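Heads up: the structure comes next, in structure tokens.
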There are 2 protein chains.
Amino acid sequence: MTGRLYGIGVGPGDPELITLKAKKILERVPVICYPRSSADRESVALRIVADLVMGSQGDRERLELVFPMTRDRVVLEKAWSEAAAQVAGRLKDGRDVAFITLGDASVYSTFSYLASRVAALAPEAGLEVIPGVPSFVAGAAAAGIPLALGGESLAVIPAIDDLDQVARALEDYDNIVLMKVNRRFESLLRLLDRLKLKDKTVALSRIGSGDQKICTDLEELSGTQVDYLTVLLVRKGERP
Amino acid sequence: MTGRLYGIGVGPGDPELITLKAKKILERVPVICYPRSSADRESVALRIVADLVMGSQGDRERLELVFPMTRDRVVLEKAWSEAAAQVAGRLKDGRDVAFITLGDASVYSTFSYLASRVAALAPEAGLEVIPGVPSFVAGAAAAGIPLALGGESLAVIPAIDDLDQVARALEDYDNIVLMKVNRRFESLLRLLDRLKLKDKTVALSRIGSGDQKICTDLEELSGTQVDYLTVLLVRKGERP
């Protein structure tokens with residue numbers, strides 16, 4: 001019997017914010033695999049489930065998959081293929097594998113890249129995605145800000161290159177979530193200021209973890225090294 | 001001691017998709033309150049947590065709050081105020097109250113309306129939002145479709161009135177989630193067809209419940225009564 005691959009969203013950081021289903025699977029699968037962006041950076045997802053994984057009995061394998069932080073397609077493709085081969089090997093041995101991912105497995109997760117390559121190598125393996133609480137959803141809860149109400153619209157945009165798209169979203173949408181803002185923070189701050197949205201924006205970082213920060217005065221972050229897990233929430237409407 | 005109000009997202013439908021934190025709170029709070037859109041419609045949120053709430057010991061109150069399905073502000077304001085008064089009374093008696101909501105409490109939930117009115121009546125009461133898995137996030141997991149990858153953008157829009165906004169989102173965004181599509185389904189189908197996006201759209205209804213449906217051929221739904229909890233997921237990019 002070929003094993004089953006689970007893509008498990010483990011939520012934003014608080015180990016209590018994983019789902020009952022995720023917990024149940026993580027407590028029984030023989031292989032837990034997790035992404036790491038480079039060898040010297042701790043896996044945030046692994047830290048979230050550490051107690052679940054450690055506390056359970058038996059020989060469980062922890063398989064670390066290193067994905068370099070690059071946009072070079074060749075380098076990435078090689079990393080995906082190597083990771084997929086490792087996972088497919090274990091599935092073919094009849095072991096279930098759980099791939100854990102911060103937040104949710106469908107929202108900016110590396111899981112999709114892995115899953116498609118595993119499916120090519122082990123087409124007979126089962127595949128199941130267990131959804132989780134995305135970081136920006138938990139961020140809204142922590143800040144007490146609705147992400148969307150009634151007929152309102154919501155845009156979620158990684159602020160990597162094209163700030164024109166961010167500017168259009170800030171004009172067209174009722175609520176805007178800006179991800180990956182750390183490298184463009186100063187430009188975003190000026191853009192928000194120009195559109196008179198600075199006071200309607202909250203910066204959230206490391207939501208659900210011990211060092212969670214909610215910042216309502218964005219100017220405080222100007223000139224500082226903004227955390228790479230920071231998200232900006234812009235809500236134009238009143239809080240009801 | 002004044003009680004604490006919890007806004008709890010109970011996930012999309014599967015009782016296993018609630019978080020550990022939500023479960024813990026629901027098992028101990030003396031008052032569970034839940035929204036109902038009219039007296040003859042069962043509360044979906046209550047059904048999700050039924051086993052948790054029933055299984056636990058002691059006298060627990062179940063408080064049903066009826067919110068009419070209308071956009072009449074006067075009628076709605078009256079319903080919110082009455083509901084808030086009931087909740088505030090219990091908090092002032094020192095009892096904690098959990099308001100349960102389908103999906104997540106910040107994503108198109110009635111919780112925000114209630115919370116602000118409760119805060120006005122019982123400003124000394126504590127307030128905490130426990131995030132959950134939004135329905136559209138669970139839908140993407142069930143369908144095996146990424147909601148957003150890498151630098152992609154995501155728009156979430158209720159398709160209530162303004163299909164111009166939907167059309168612009170379908171042109172500008174990489175991934176589009178259309179909510180509340182049941183009344184405008186035929187118009188949306190024609191719009192998706194015109195933009196050559198019909199084949200890139202999946203219809204999801206009652207995700208995570210026993211009668212979950214994933215439909216990849218939208219034409220099959222044409223002429224039928226589309227469920228009011230149906231969501232359309234449009235993904236332009238390839239599945240990796």
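Ordering of the structure tokens sets the chain letters (A, B, ...); residue numbers start at 1 within each chain; ligands are numbered from 1 in the order shown.
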
>> For a quick test of understanding: name the residues of chain A lying within 6 Å of chain B when counting only C-alpha atoms, and present them as JSON, numbers by chain.
In response: {"A": [16, 17, 18, 19, 20, 21, 106, 107, 108, 113, 129, 131, 132, 133, 138, 141, 146, 147, 148, 149, 150, 151, 153, 154, 155, 156, 157, 158, 240]}

Atoms to include: N, CA, C and O atoms. Write the selected residues as an mmCIF file, in the first residue's frame.
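Below you can see result_35.cif, which holds the result:
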```cif
data_model
loop_
_atom_site.group_PDB
_atom_site.id
_atom_site.type_symbol
_atom_site.label_atom_id
_atom_site.label_comp_id
_atom_site.auth_asym_id
_atom_site.auth_seq_id
_atom_site.Cartn_x
_atom_site.Cartn_y
_atom_site.Cartn_z
ATOM 1 N N GLU A 16 -2.143 26.432 19.788
ATOM 2 C CA GLU A 16 -3.574 26.191 20.040
ATOM 3 C C GLU A 16 -4.428 26.546 18.833
ATOM 4 O O GLU A 16 -5.615 26.249 18.808
ATOM 5 N N LEU A 17 -3.833 27.201 17.848
ATOM 6 C CA LEU A 17 -4.614 27.579 16.665
ATOM 7 C C LEU A 17 -4.468 26.583 15.522
ATOM 8 O O LEU A 17 -4.743 26.902 14.370
ATOM 9 N N ILE A 18 -4.033 25.365 15.826
ATOM 10 C CA ILE A 18 -4.128 24.328 14.802
ATOM 11 C C ILE A 18 -5.471 23.620 14.954
ATOM 12 O O ILE A 18 -6.110 23.694 16.000
ATOM 13 N N THR A 19 -5.912 22.960 13.905
ATOM 14 C CA THR A 19 -7.230 22.321 13.960
ATOM 15 C C THR A 19 -7.135 20.936 14.614
ATOM 16 O O THR A 19 -6.064 20.327 14.687
ATOM 17 N N LEU A 20 -8.285 20.448 15.061
ATOM 18 C CA LEU A 20 -8.343 19.104 15.648
ATOM 19 C C LEU A 20 -7.857 18.060 14.640
ATOM 20 O O LEU A 20 -7.163 17.113 14.986
ATOM 21 N N LYS A 21 -8.235 18.267 13.375
ATOM 22 C CA LYS A 21 -7.861 17.312 12.331
ATOM 23 C C LYS A 21 -6.350 17.289 12.123
ATOM 24 O O LYS A 21 -5.731 16.224 11.994
ATOM 25 N N SER A 106 -2.889 26.448 1.217
ATOM 26 C CA SER A 106 -3.257 26.974 -0.109
ATOM 27 C C SER A 106 -2.927 28.450 -0.265
ATOM 28 O O SER A 106 -3.088 29.020 -1.342
ATOM 29 N N VAL A 107 -2.511 29.090 0.830
ATOM 30 C CA VAL A 107 -2.274 30.534 0.826
ATOM 31 C C VAL A 107 -0.766 30.799 0.895
ATOM 32 O O VAL A 107 -0.171 30.747 1.968
ATOM 33 N N TYR A 108 -0.166 31.092 -0.266
ATOM 34 C CA TYR A 108 1.269 31.385 -0.357
ATOM 35 C C TYR A 108 2.131 30.324 0.321
ATOM 36 O O TYR A 108 3.094 30.644 1.031
ATOM 37 N N TYR A 113 3.769 23.310 -4.875
ATOM 38 C CA TYR A 113 4.898 22.962 -5.739
ATOM 39 C C TYR A 113 5.371 21.540 -5.462
ATOM 40 O O TYR A 113 5.692 20.776 -6.372
ATOM 41 N N VAL A 129 -5.310 17.896 1.526
ATOM 42 C CA VAL A 129 -4.904 19.174 2.104
ATOM 43 C C VAL A 129 -5.788 19.456 3.322
ATOM 44 O O VAL A 129 -7.010 19.425 3.221
ATOM 45 N N PRO A 131 -6.852 22.277 5.722
ATOM 46 C CA PRO A 131 -6.724 23.741 5.774
ATOM 47 C C PRO A 131 -6.420 24.232 7.187
ATOM 48 O O PRO A 131 -6.710 23.555 8.172
ATOM 49 N N GLY A 132 -5.839 25.425 7.261
ATOM 50 C CA GLY A 132 -5.496 26.026 8.546
ATOM 51 C C GLY A 132 -5.894 27.494 8.574
ATOM 52 O O GLY A 132 -6.415 28.025 7.588
ATOM 53 N N VAL A 133 -5.638 28.144 9.685
ATOM 54 C CA VAL A 133 -5.944 29.567 9.820
ATOM 55 C C VAL A 133 -4.802 30.367 9.202
ATOM 56 O O VAL A 133 -3.667 30.304 9.682
ATOM 57 N N ALA A 138 -5.653 35.489 11.280
ATOM 58 C CA ALA A 138 -5.352 35.548 12.711
ATOM 59 C C ALA A 138 -4.930 36.963 13.114
ATOM 60 O O ALA A 138 -5.232 37.417 14.217
ATOM 61 N N ALA A 141 -7.968 39.057 13.706
ATOM 62 C CA ALA A 141 -8.562 38.692 15.000
ATOM 63 C C ALA A 141 -7.790 39.338 16.144
ATOM 64 O O ALA A 141 -8.372 39.916 17.061
ATOM 65 N N PRO A 146 -12.234 43.843 11.477
ATOM 66 C CA PRO A 146 -12.835 42.933 10.495
ATOM 67 C C PRO A 146 -12.035 42.958 9.195
ATOM 68 O O PRO A 146 -11.588 44.018 8.756
ATOM 69 N N LEU A 147 -11.853 41.807 8.585
ATOM 70 C CA LEU A 147 -11.197 41.748 7.272
ATOM 71 C C LEU A 147 -12.165 42.159 6.180
ATOM 72 O O LEU A 147 -11.772 42.717 5.162
ATOM 73 N N ALA A 148 -13.426 41.826 6.341
ATOM 74 C CA ALA A 148 -14.465 42.238 5.394
ATOM 75 C C ALA A 148 -15.818 42.056 6.062
ATOM 76 O O ALA A 148 -16.042 41.079 6.771
ATOM 77 N N LEU A 149 -16.701 43.020 5.804
ATOM 78 C CA LEU A 149 -18.056 42.977 6.359
ATOM 79 C C LEU A 149 -19.061 43.120 5.226
ATOM 80 O O LEU A 149 -18.797 43.822 4.243
ATOM 81 N N GLY A 150 -20.225 42.499 5.391
ATOM 82 C CA GLY A 150 -21.333 42.701 4.451
ATOM 83 C C GLY A 150 -20.949 42.567 3.001
ATOM 84 O O GLY A 150 -20.516 41.513 2.553
ATOM 85 N N GLY A 151 -21.078 43.636 2.241
ATOM 86 C CA GLY A 151 -20.787 43.592 0.812
ATOM 87 C C GLY A 151 -19.388 44.075 0.465
ATOM 88 O O GLY A 151 -19.086 44.325 -0.703
ATOM 89 N N SER A 153 -15.308 44.419 -0.230
ATOM 90 C CA SER A 153 -14.318 43.644 -0.977
ATOM 91 C C SER A 153 -13.003 43.579 -0.201
ATOM 92 O O SER A 153 -12.726 44.418 0.652
ATOM 93 N N LEU A 154 -12.223 42.561 -0.543
ATOM 94 C CA LEU A 154 -10.938 42.326 0.130
ATOM 95 C C LEU A 154 -9.900 41.962 -0.924
ATOM 96 O O LEU A 154 -10.140 41.096 -1.760
ATOM 97 N N ALA A 155 -8.766 42.642 -0.889
ATOM 98 C CA ALA A 155 -7.658 42.291 -1.786
ATOM 99 C C ALA A 155 -6.464 41.852 -0.955
ATOM 100 O O ALA A 155 -6.170 42.451 0.081
ATOM 101 N N VAL A 156 -5.803 40.805 -1.406
ATOM 102 C CA VAL A 156 -4.594 40.314 -0.740
ATOM 103 C C VAL A 156 -3.473 40.358 -1.779
ATOM 104 O O VAL A 156 -3.571 39.733 -2.842
ATOM 105 N N ILE A 157 -2.434 41.128 -1.488
ATOM 106 C CA ILE A 157 -1.388 41.372 -2.480
ATOM 107 C C ILE A 157 0.001 41.304 -1.852
ATOM 108 O O ILE A 157 0.250 41.968 -0.853
ATOM 109 N N PRO A 158 0.896 40.525 -2.432
ATOM 110 C CA PRO A 158 2.285 40.574 -1.978
ATOM 111 C C PRO A 158 2.945 41.823 -2.568
ATOM 112 O O PRO A 158 2.925 42.011 -3.792
ATOM 113 N N PRO A 240 -17.453 48.760 13.075
ATOM 114 C CA PRO A 240 -18.875 49.003 13.287
ATOM 115 C C PRO A 240 -19.206 49.316 14.756
ATOM 116 O O PRO A 240 -18.503 48.897 15.645
#
```

>> Using only C-alpha atoms, which protein or nucleic acid residues come within 9 Å of Arg62 (chain B)? Drop anything in the same chain fewer than 3 positions from it, and give the result as a list in words.
In response: Pro30, Val31, Ile32, Cys33 and Tyr34 of chain B

Export N, CA, C and O atoms of the chosen residues as a tab-separated table (two decimals), in the first residue's frame?
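Listed below is the output, out.tsv:
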```tsv
chain	number	residue	atom	x	y	z
B	30	PRO	N	-20.13	29.20	30.03
B	30	PRO	CA	-21.50	28.90	30.46
B	30	PRO	C	-22.57	29.32	29.45
B	30	PRO	O	-23.69	28.81	29.51
B	31	VAL	N	-22.23	30.24	28.54
B	31	VAL	CA	-23.22	30.70	27.56
B	31	VAL	C	-22.65	30.58	26.15
B	31	VAL	O	-21.61	31.16	25.85
B	32	ILE	N	-23.35	29.82	25.31
B	32	ILE	CA	-22.96	29.73	23.89
B	32	ILE	C	-24.02	30.47	23.12
B	32	ILE	O	-25.20	30.11	23.18
B	33	CYS	N	-23.63	31.51	22.38
B	33	CYS	CA	-24.68	32.14	21.60
B	33	CYS	C	-24.36	32.05	20.13
B	33	CYS	O	-23.21	31.92	19.72
B	34	TYR	N	-25.42	32.02	19.34
B	34	TYR	CA	-25.25	31.74	17.92
B	34	TYR	C	-26.28	32.51	17.13
B	34	TYR	O	-27.40	32.75	17.59
```

>> Residues near Ser43 (chain A), anyone? I mean within 12 Å using only C-alpha atoms, not counting same-chain ones fewer than 2 positions away, as a list in words.
In response: Gly13, Cys33, Tyr34, Pro35, Arg36, Ser37, Ser38, Ala39, Asp40, Arg41, Ala45, Leu46, Arg47, Ile48, Val49, Ala50, Arg62, Leu63, Glu64, Leu65, Val66, Phe67, Ile100, Thr101 and Leu102 of chain A

>> Among region 37-141 of chain B, which residues does DSSP mark as strand (DSSP E or B) when it is run on the backbone? Keep the chain and numbering as in the structure and answer as number ranges by chain.
In response: B: 61-66, 97-101, 103, 107, 126-130

>> As an exercise, work out the distance from CA of Thr70 (chain A) to CA of Ala98 (chain A) in Å and give it to one decimal place.
In response: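 Pair CA of Thr70 (chain A) / CA of Ala98 (chain A) returns 24.4 Å.
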
> Using the chain letters and numbers from this document, which residues of region 20-117 of chain B does DSSP assign to helix (DSSP H, G or I), as a PyMOL selection string?
Replying inline: chain B and resi 20-28+44-55+73-92+111-117

> Hey, can you check how far CA of Val53 (chain B) sits from CA of Asp96 (chain B)?
Replying inline: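 Atom-to-atom, CA of Val53 (chain B) to CA of Asp96 (chain B), that is 14.5 Å.
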
> So which residues touch region 183-193 of chain B within 12 Å, counting only C-alpha atoms, skipping near sequence neighbours fewer than 4 positions away, as a ChimeraX atom specification?
Replying inline: /B:158-171,176,178-179,197-203,217-236

> CA of Ile214 (chain A) to CA of Phe99 (chain B): how many Å, to one decimal?
Replying inline: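 Separation of CA of Ile214 (chain A) and CA of Phe99 (chain B): 24.0 Å.
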
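Taking only C-alpha atoms, the non-local environment of Ala85 (chain B) within 8 Å (same-chain residues fewer than 3 positions away omitted) comprises Ser81, Glu82, Ala88, Gly89, Val118 and Leu121 of chain B.
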
Output the selection as a CSV table (one decimal), in the first residue's frame - N, CA and C atoms for each residue.
```
chain,number,residue,atom,x,y,z
B,81,SER,N,-29.1,45.7,18.6
B,81,SER,CA,-29.2,46.3,19.9
B,81,SER,C,-29.8,45.3,20.9
B,82,GLU,N,-30.8,44.6,20.4
B,82,GLU,CA,-31.5,43.6,21.3
B,82,GLU,C,-30.6,42.5,21.6
B,88,ALA,N,-24.8,41.5,26.9
B,88,ALA,CA,-24.2,42.3,27.9
B,88,ALA,C,-24.8,42.0,29.3
B,89,GLY,N,-26.0,41.6,29.4
B,89,GLY,CA,-26.6,41.2,30.6
B,89,GLY,C,-25.9,40.0,31.3
B,118,VAL,N,-22.0,45.5,22.2
B,118,VAL,CA,-21.8,44.9,23.5
B,118,VAL,C,-20.8,45.8,24.3
B,121,LEU,N,-22.3,48.8,25.8
B,121,LEU,CA,-23.2,48.5,27.0
B,121,LEU,C,-22.4,48.0,28.2
```
